[in-house]
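Data block for work-v8.tsv (TSV, C-alpha atoms):
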chain	number	residue	atom	x	y	z
A	6	MET	CA	0.00	0.00	0.00
A	7	ASP	CA	2.88	2.33	0.76
A	8	ALA	CA	4.11	2.14	-2.81
A	9	LEU	CA	0.92	3.79	-3.90
A	10	LEU	CA	1.34	6.70	-1.48
A	11	PRO	CA	2.93	9.21	-3.88
A	12	ILE	CA	0.36	8.38	-6.56
A	13	VAL	CA	-2.61	8.75	-4.19
A	14	ASN	CA	-1.09	11.93	-2.84
A	15	SER	CA	-0.73	13.46	-6.30
A	16	ILE	CA	-4.27	12.42	-7.25
A	17	SER	CA	-5.52	14.00	-4.04
A	18	TRP	CA	-3.64	17.16	-4.87
A	19	LEU	CA	-5.17	17.09	-8.35
A	20	PHE	CA	-8.68	16.92	-6.88
A	21	LEU	CA	-7.91	19.72	-4.43
A	22	ALA	CA	-6.48	21.95	-7.17
A	23	THR	CA	-9.44	21.34	-9.49
A	24	GLY	CA	-11.86	21.99	-6.64
A	25	SER	CA	-10.14	25.27	-5.86
A	26	ILE	CA	-10.28	26.31	-9.50
A	27	PHE	CA	-14.01	25.65	-9.59
A	28	LEU	CA	-14.43	27.57	-6.35
A	29	LEU	CA	-12.73	30.57	-7.95
A	30	ILE	CA	-14.79	30.22	-11.12
A	31	GLY	CA	-17.95	30.21	-9.04
A	32	GLY	CA	-16.77	33.20	-7.03
A	33	ILE	CA	-16.00	35.21	-10.15
A	34	GLY	CA	-19.32	34.09	-11.62
A	35	LEU	CA	-21.07	35.44	-8.53
A	36	LEU	CA	-19.70	38.87	-9.36
A	37	ARG	CA	-19.90	39.01	-13.10
A	38	LEU	CA	-23.19	37.35	-13.93
A	39	PRO	CA	-25.79	40.03	-14.70
A	40	ASP	CA	-28.82	38.80	-12.81
A	41	PHE	CA	-29.79	37.16	-9.55
A	42	TYR	CA	-31.03	34.00	-11.27
A	43	ALA	CA	-27.82	33.70	-13.22
A	44	ARG	CA	-25.88	34.02	-9.98
A	45	THR	CA	-27.68	31.03	-8.55
A	46	HIS	CA	-25.83	29.05	-11.20
A	47	ALA	CA	-22.51	30.40	-9.94
A	48	ALA	CA	-23.51	29.52	-6.37
A	49	GLY	CA	-24.44	26.07	-7.64
A	50	VAL	CA	-21.01	25.59	-9.19
A	51	ILE	CA	-19.43	26.39	-5.83
A	52	ASP	CA	-21.81	24.19	-3.87
A	53	THR	CA	-21.49	21.13	-6.06
A	54	LEU	CA	-18.18	20.99	-7.90
A	55	GLY	CA	-16.01	23.09	-5.63
A	56	THR	CA	-17.19	21.44	-2.44
A	57	GLY	CA	-17.37	17.93	-3.87
A	58	LEU	CA	-13.91	17.89	-5.41
A	59	ILE	CA	-12.25	19.36	-2.34
A	60	LEU	CA	-13.97	16.87	-0.04
A	61	ILE	CA	-12.90	13.98	-2.27
A	62	GLY	CA	-9.38	15.38	-2.33
A	63	LEU	CA	-9.35	15.48	1.46
A	64	MET	CA	-10.67	11.94	1.67
A	65	MET	CA	-7.59	10.67	-0.14
A	66	GLN	CA	-5.24	12.15	2.42
A	67	GLU	CA	-5.59	9.29	4.87
A	68	GLU	CA	-6.53	5.62	4.92
A	69	ILE	CA	-10.21	4.89	5.05
A	70	GLY	CA	-11.27	5.47	8.67
A	71	LEU	CA	-13.17	7.81	10.91
A	72	ASN	CA	-12.08	10.94	9.06
A	73	THR	CA	-13.14	9.53	5.74
A	74	PHE	CA	-16.52	8.73	7.25
A	75	LYS	CA	-16.85	12.28	8.56
A	76	LEU	CA	-15.99	13.67	5.17
A	77	VAL	CA	-18.51	11.39	3.52
A	78	LEU	CA	-21.07	12.60	6.07
A	79	ILE	CA	-20.35	16.25	5.27
A	80	GLY	CA	-20.55	15.51	1.55
A	81	PHE	CA	-23.77	13.55	2.01
A	82	PHE	CA	-25.35	16.36	4.01
A	83	LEU	CA	-24.28	19.08	1.58
A	84	PHE	CA	-25.46	16.89	-1.30
A	85	PHE	CA	-29.02	17.24	-0.04
A	86	THR	CA	-29.07	20.68	1.49
A	87	SER	CA	-27.29	22.84	-1.08
A	88	PRO	CA	-29.89	22.25	-3.80
A	89	THR	CA	-32.63	22.77	-1.24
A	90	SER	CA	-31.26	26.10	-0.08
A	91	SER	CA	-30.58	27.25	-3.65
A	92	TYR	CA	-34.17	26.35	-4.54
A	93	ALA	CA	-35.49	28.14	-1.46
A	94	VAL	CA	-33.62	31.34	-2.34
A	95	ALA	CA	-34.71	31.28	-5.98
A	96	HIS	CA	-38.32	30.50	-5.07
A	97	ALA	CA	-38.40	33.28	-2.47
A	98	ALA	CA	-37.04	35.70	-5.06
A	99	TRP	CA	-39.59	34.59	-7.65
A	100	VAL	CA	-42.49	34.86	-5.22
A	101	ALA	CA	-41.29	38.32	-4.26
A	102	GLY	CA	-41.63	39.35	-7.89
A	103	GLN	CA	-37.99	39.34	-8.99
A	104	LYS	CA	-38.04	39.21	-12.80
A	105	PRO	CA	-35.24	37.37	-14.62
A	106	TRP	CA	-33.00	39.52	-16.79
A	107	THR	CA	-33.48	38.93	-20.49
A	108	ASN	CA	-31.31	40.31	-23.27
A	109	SER	CA	-34.21	40.38	-25.72
A	110	ASN	CA	-36.04	43.49	-24.56
A	111	GLY	CA	-32.90	45.62	-24.73
A	112	ASN	CA	-31.89	45.41	-21.11
A	113	THR	CA	-28.68	47.09	-20.15
A	114	LYS	CA	-25.85	44.81	-19.11
A	115	ASP	CA	-26.85	45.02	-15.43
A	116	ALA	CA	-30.27	43.67	-14.58
A	117	LYS	CA	-32.94	46.21	-13.80
A	118	GLU	CA	-33.82	45.19	-10.26
A	119	ASP	CA	-37.60	45.25	-9.98
A	120	VAL	CA	-37.68	44.36	-6.30
A	121	GLU	CA	-35.78	46.92	-4.26
A	122	SER	CA	-35.90	45.27	-0.85
B	2	MET	CA	-0.56	22.24	-0.94
B	3	PHE	CA	-3.20	22.92	1.69
B	4	GLY	CA	-2.05	26.53	1.80
B	5	ALA	CA	-2.95	26.98	-1.85
B	6	VAL	CA	-6.38	25.44	-1.34
B	7	ALA	CA	-6.98	27.57	1.76
B	8	ALA	CA	-5.94	30.66	-0.21
B	9	ALA	CA	-8.36	29.80	-3.00
B	10	ILE	CA	-11.16	29.37	-0.46
B	11	LEU	CA	-10.32	32.71	1.15
B	12	VAL	CA	-10.42	34.43	-2.25
B	13	THR	CA	-13.81	32.84	-2.92
B	14	MET	CA	-15.04	34.11	0.44
B	15	LEU	CA	-13.80	37.57	-0.45
B	16	LEU	CA	-15.67	37.47	-3.77
B	17	ALA	CA	-18.79	36.34	-1.94
B	18	ILE	CA	-18.46	39.25	0.49
B	19	ILE	CA	-18.08	41.69	-2.41
B	20	ARG	CA	-21.26	40.28	-3.96
B	21	LEU	CA	-22.91	40.50	-0.57
B	22	ALA	CA	-21.98	44.20	-0.30
B	23	LEU	CA	-22.92	45.03	-3.89
B	24	GLY	CA	-25.93	42.80	-4.23
B	25	PRO	CA	-28.81	45.09	-5.23
B	26	VAL	CA	-31.50	42.72	-4.02
B	27	LEU	CA	-31.88	40.95	-0.68
B	28	TYR	CA	-31.75	37.58	-2.40
B	29	ASP	CA	-28.31	38.27	-3.87
B	30	ARG	CA	-27.15	38.85	-0.33
B	31	VAL	CA	-28.74	35.66	0.93
B	32	LEU	CA	-27.10	33.74	-1.90
B	33	ALA	CA	-23.71	35.30	-1.13
B	34	ALA	CA	-24.13	34.51	2.57
B	35	ASN	CA	-24.98	30.90	1.72
B	36	THR	CA	-21.90	30.63	-0.49
B	37	PHE	CA	-19.77	32.21	2.22
B	38	GLY	CA	-21.04	29.59	4.68
B	39	THR	CA	-20.22	26.71	2.35
B	40	ALA	CA	-16.75	28.14	1.81
B	41	THR	CA	-16.33	28.33	5.59
B	42	VAL	CA	-17.15	24.64	5.87
B	43	LEU	CA	-14.41	23.88	3.38
B	44	LEU	CA	-11.97	26.24	5.05
B	45	ILE	CA	-12.46	24.58	8.44
B	46	ALA	CA	-11.97	21.13	6.92
B	47	VAL	CA	-8.84	22.15	5.00
B	48	LEU	CA	-7.33	23.99	7.98
B	49	GLY	CA	-8.03	20.94	10.09
B	50	TYR	CA	-6.05	18.78	7.70
B	51	MET	CA	-3.34	21.42	7.34
B	52	ASN	CA	-2.65	21.53	11.09
B	53	GLY	CA	-2.87	17.78	11.44
B	54	ARG	CA	-5.99	17.98	13.58
B	55	PRO	CA	-8.66	16.10	11.65
B	56	ASP	CA	-11.19	16.51	14.47
B	57	PHE	CA	-12.01	19.86	12.88
B	58	LEU	CA	-14.30	17.91	10.59
B	59	ASP	CA	-16.94	17.80	13.33
B	60	ILE	CA	-16.91	21.58	13.42
B	61	ALA	CA	-17.17	21.70	9.63
B	62	LEU	CA	-20.15	19.36	9.71
B	63	LEU	CA	-21.89	21.46	12.37
B	64	TYR	CA	-21.21	24.62	10.44
B	65	ALA	CA	-22.80	23.09	7.34
B	66	LEU	CA	-25.93	22.33	9.40
B	67	VAL	CA	-26.08	25.83	10.88
B	68	ASN	CA	-25.44	27.52	7.55
B	69	PHE	CA	-28.36	25.71	5.93
B	70	VAL	CA	-30.75	26.59	8.74
B	71	GLY	CA	-29.51	30.20	8.77
B	72	THR	CA	-30.23	30.67	5.08
B	73	LEU	CA	-33.76	29.35	5.45
B	74	ALA	CA	-34.33	31.50	8.54
B	75	ILE	CA	-33.39	34.67	6.64
B	76	LEU	CA	-35.74	33.76	3.83
B	77	LYS	CA	-38.57	32.99	6.19
B	78	PHE	CA	-38.07	36.22	8.10
B	79	SER	CA	-38.00	38.30	4.93
B	80	ARG	CA	-41.15	36.60	3.69
B	81	TYR	CA	-43.32	36.58	6.83
B	82	GLY	CA	-41.77	39.29	8.95
B	83	ARG	CA	-41.47	36.89	11.85
B	84	LEU	CA	-39.85	33.56	12.57
B	85	GLY	CA	-42.91	31.45	13.18
B	86	ASP	CA	-44.03	32.51	16.62
B	87	GLU	CA	-47.81	32.63	16.77
B	88	LEU	CA	-49.57	35.66	15.31
B	89	PRO	CA	-51.40	37.75	17.93
B	90	ASP	CA	-55.13	37.06	17.59
B	91	SER	CA	-55.89	40.54	16.31
B	92	GLU	CA	-53.70	40.06	13.26
B	93	GLN	CA	-54.79	36.49	12.71
B	94	ASN	CA	-57.42	37.22	10.07
B	95	LEU	CA	-55.49	40.21	8.76
B	96	GLN	CA	-52.60	37.95	7.86
B	97	GLY	CA	-55.01	35.75	5.92
B	98	GLU	CA	-56.30	38.56	3.70
B	99	LYS	CA	-52.93	40.19	3.11
B	100	ASP	CA	-51.41	37.18	1.34
Can you give me the file's structure in the form of structure tokens?
Amino acid sequence: MDALLPIVNSISWLFLATGSIFLLIGGIGLLRLPDFYARTHAAGVIDTLGTGLILIGLMMQEEIGLNTFKLVLIGFFLFFTSPTSSYAVAHAAWVAGQKPWTNSNGNTKDAKEDVES
Amino acid sequence: MFGAVAAAILVTMLLAIIRLALGPVLYDRVLAANTFGTATVLLIAVLGYMNGRPDFLDIALLYALVNFVGTLAILKFSRYGRLGDELPDSEQNLQGEKD
């Protein structure tokens, strides 16, 4: 098993690096996307890919044991709650009358925020 | 290696805070706060592994739970103006018509 250590370590580092890249992509997306609904996509990228890859990368750091189980638990929990919370935010915005930004009717680059709350 | 990942997470948190400050609408802010919370979960886990103290993962798990509940609490408060304690009788029927 020890022979595999450098390989597993580099794979783990690969997962961690990719997860960090997706975290940054999601963060930049949060800023640049024009409209609230588009930003939910960026938040989704962070919640799913960024979190998932980093957790998998951390799992590879040690032999399968208690820590791996805790990481699986965190991943399992986030797997169910991040879509739920994203849905709750988007639904609350929709119910409150937030209109999605469309390029067709000549909107400016930044969304015209209907709901000033 | 962990330092780079922790730095990336910190940058993401910074971007989320900028969106939280800029966000024109309340829901942008709630989204940014939710993202910030998720990034905190990751930061705690990574810092735990960086300092060789993997029992940080319990804290990360708890933070994930609290972050989820916090997001829903903000939404509920913004929608109903209260967090679920009973309406006083006088407003009971009023609340019905207003919706």
Gly4 in chain B surroundings by all atoms listed in the file, 10 Å radius, close-in-sequence under 4 positions cut, as a compact mmCIF listing (two decimals) with C-alpha atoms, in the coordinates of the input:
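Result file is out02.txt:
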# COMPACT_ATOMS: atom_id res chain seq x y z
CA ALA B 8 -5.94 30.66 -0.21
CA ALA B 9 -8.36 29.80 -3.00
CA ILE B 10 -11.16 29.37 -0.46
CA VAL B 47 -8.84 22.15 5.00
CA LEU B 48 -7.33 23.99 7.98
CA MET B 51 -3.34 21.42 7.34
| Contact set, chain A to chain B: 9 Å, all atoms listed in the file, as a count of residues only | 52
| request: Select, from A:Thr107, A:Pro39, A:Asn14, A:Gly57, the residue with the minimum atom-to-atom distance to Phe27 in chain A, counting only C-alpha atoms. | output: A:Gly57
| field | Separation of CA of Arg37 in chain A from CA of Ala22 in chain B, in Å and rounded to one decimal | value | 14.0 Å
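Taking CA of Met64 in chain A as the reference point, CA of Val77 in chain A is found at 8.1 Å.
Taking CA of Thr73 in chain A and CA of Ile61 in chain A as the two end points, the separation is 9.2 Å.
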| Of the residues B:Gly38, B:Leu44, B:Arg54, B:Gly49, which is the one nearest to Val67 in chain B, using only C-alpha atoms? | B:Gly38
| A:Ala8, A:Thr53, A:Ile69, A:Gly62 ranked by distance to Phe81 in chain A, top pick (using all atoms listed in the file) |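 Looking only at the distances to Phe81 in chain A, the closest residue turns out to be A:Thr53.
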